[in-house]
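> Structure in structure tokens, see below.
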Amino acid sequence: MASPKVLVVYGSKHGATAEIAERIGAVLRLEGLDADVTEVAGARNVEAYDAVVLGSAVYAGMWRRDAVRFLEANEQTLATRPVWFFSSGPTGDGDPVELVNGWQFPVGQLAIADRIGPRATALFHGKIDLQKLNLIEKFMIKAAKAQAGDYRAWGEVTAWAQSIAQELRGVLATG
């Protein structure tokens, strides 16, 4: 049997979420899967993949528009294969879900996510590099009292990707 082909696709503005997606793809490849990693704007032929991992940076509790458009445009295809969602955003110490008062997935996309039926969703800590932000973004960060810095927990990202590989091998082995 050929190695399962996985698309890891993401929406990222300043690159932190792209780096998380790259790590997920690298782990999946180390686990013996065939994984392609691309931003949502470059994703083509989703039907050619056995599974999809879709993630987005989160701003003010919302996924990036390009990630939402990908989700909407590919809903029917995503509903027919194993799918995982991840979000990247909160900074600071502690559980990222607690940092955002229990939020785990954008409310505006919950209905479509429910129709797709992802295997799992994850919310990872993010990164804020003030040097990459414009004046409006800096104002928003200050108003939200978000902490600048890199809070991504690479061990958690790696473990999550390993769990995807394990589950995906089991799903595809049993049909």
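Just so we're on the same page: first chain in the structure tokens is A, next is B, and so on; residues restart at 1 for each chain, and ligands are numbered from 1 in the order they show up.
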List every residue of segment 11-95 of chain A that DSSP, applied to the backbone of this structure, assigns to helix (DSSP H, G or I), and report them as a PyMOL selection string.
chain A and resi 16-30+40-42+46-48+65-73+75-78
> Hey, can you spit out that residue selection with C-alpha atoms as an mmCIF file, in the first residue's frame?

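And here's result.cif as it stands now:
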data_model
loop_
_atom_site.group_PDB
_atom_site.id
_atom_site.type_symbol
_atom_site.label_atom_id
_atom_site.label_comp_id
_atom_site.auth_asym_id
_atom_site.auth_seq_id
_atom_site.Cartn_x
_atom_site.Cartn_y
_atom_site.Cartn_z
ATOM 1 C CA ALA A 16 4.383 31.932 12.717
ATOM 2 C CA THR A 17 1.483 29.691 11.659
ATOM 3 C CA ALA A 18 3.384 28.715 8.512
ATOM 4 C CA GLU A 19 6.228 27.496 10.737
ATOM 5 C CA ILE A 20 3.767 25.393 12.767
ATOM 6 C CA ALA A 21 2.406 23.880 9.539
ATOM 7 C CA GLU A 22 5.954 23.152 8.351
ATOM 8 C CA ARG A 23 6.677 21.359 11.642
ATOM 9 C CA ILE A 24 3.491 19.293 11.313
ATOM 10 C CA GLY A 25 4.465 18.329 7.766
ATOM 11 C CA ALA A 26 8.009 17.400 8.831
ATOM 12 C CA VAL A 27 6.708 15.197 11.647
ATOM 13 C CA LEU A 28 4.225 13.476 9.335
ATOM 14 C CA ARG A 29 7.046 12.741 6.898
ATOM 15 C CA LEU A 30 9.226 11.377 9.719
ATOM 16 C CA VAL A 40 -4.093 28.087 1.314
ATOM 17 C CA ALA A 41 -3.616 30.345 -1.706
ATOM 18 C CA GLY A 42 -1.352 27.731 -3.288
ATOM 19 C CA VAL A 46 -7.407 18.755 -2.661
ATOM 20 C CA GLU A 47 -9.130 15.631 -3.991
ATOM 21 C CA ALA A 48 -5.704 14.067 -4.642
ATOM 22 C CA ARG A 65 -10.092 35.120 5.446
ATOM 23 C CA ASP A 66 -8.010 33.033 3.054
ATOM 24 C CA ALA A 67 -8.263 30.001 5.382
ATOM 25 C CA VAL A 68 -12.028 30.488 5.736
ATOM 26 C CA ARG A 69 -12.393 30.706 1.943
ATOM 27 C CA PHE A 70 -10.413 27.469 1.566
ATOM 28 C CA LEU A 71 -12.613 25.789 4.173
ATOM 29 C CA GLU A 72 -15.797 26.917 2.433
ATOM 30 C CA ALA A 73 -14.602 26.128 -1.099
ATOM 31 C CA GLU A 75 -16.197 21.652 2.340
ATOM 32 C CA GLN A 76 -17.565 18.757 0.291
ATOM 33 C CA THR A 77 -14.134 17.240 -0.335
ATOM 34 C CA LEU A 78 -13.012 17.717 3.265
#
> For Ala143 of chain A, please output as a ChimeraX atom specification all residues within 12 Å (counting only C-alpha atoms; exclusion window: fewer than 6 positions along the same chain).
/A:60,136-137
> Create the file for the chosen residues now, containing all heavy atoms and written as a compact mmCIF listing (two decimals), in the first residue's frame.

# COMPACT_ATOMS: atom_id res chain seq x y z
N ALA A 60 -8.29 38.34 16.68
CA ALA A 60 -9.56 38.75 17.28
C ALA A 60 -10.60 37.61 17.24
O ALA A 60 -11.76 37.83 16.93
CB ALA A 60 -10.10 40.01 16.61
N ILE A 136 -1.55 49.67 13.11
CA ILE A 136 -2.88 49.21 13.54
C ILE A 136 -2.77 47.90 14.31
O ILE A 136 -3.41 47.72 15.35
CB ILE A 136 -3.82 49.06 12.32
CG1 ILE A 136 -4.09 50.44 11.72
CG2 ILE A 136 -5.13 48.38 12.71
CD1 ILE A 136 -4.81 50.41 10.39
N GLU A 137 -1.94 46.97 13.81
CA GLU A 137 -1.76 45.69 14.50
C GLU A 137 -1.14 45.90 15.88
O GLU A 137 -1.55 45.25 16.85
CB GLU A 137 -0.89 44.76 13.66
CG GLU A 137 -1.57 44.29 12.39
CD GLU A 137 -0.63 43.61 11.42
OE1 GLU A 137 0.57 43.97 11.36
OE2 GLU A 137 -1.10 42.71 10.70
> As an MDAnalysis selection string, please: the residues near segment 147-157 of chain A (cut-off 10 Å, only C-alpha atoms, same-chain neighbours under 4 positions excluded).
chainID A and resid 16:17 19:21 23:24 27 86 88:94 96 122:130 138 141:142 161:163
> With segment 103-114 of chain A as the partner and 7 Å as the cut-off, tabulate the residues of segment 56-75 of chain A that qualify, each row holding the nearest pair of atoms and their distance in Å to one decimal, using only C-alpha atoms, sorted by chain and rising number, as JSON lines.

{"residue": "A:Gly61", "atom": "CA", "partner": "A:Pro106", "partner_atom": "CA", "distance": 6.1}
{"residue": "A:Met62", "atom": "CA", "partner": "A:Pro106", "partner_atom": "CA", "distance": 5.3}
{"residue": "A:Trp63", "atom": "CA", "partner": "A:Pro106", "partner_atom": "CA", "distance": 6.5}
> Could you name the residues that touch Gly117 of chain A at 9 Å or less, counting only C-alpha atoms, but leaving out those on the same chain fewer than 6 positions away, as JSON, numbers by chain?
{"A": [78, 79, 82, 83, 84]}
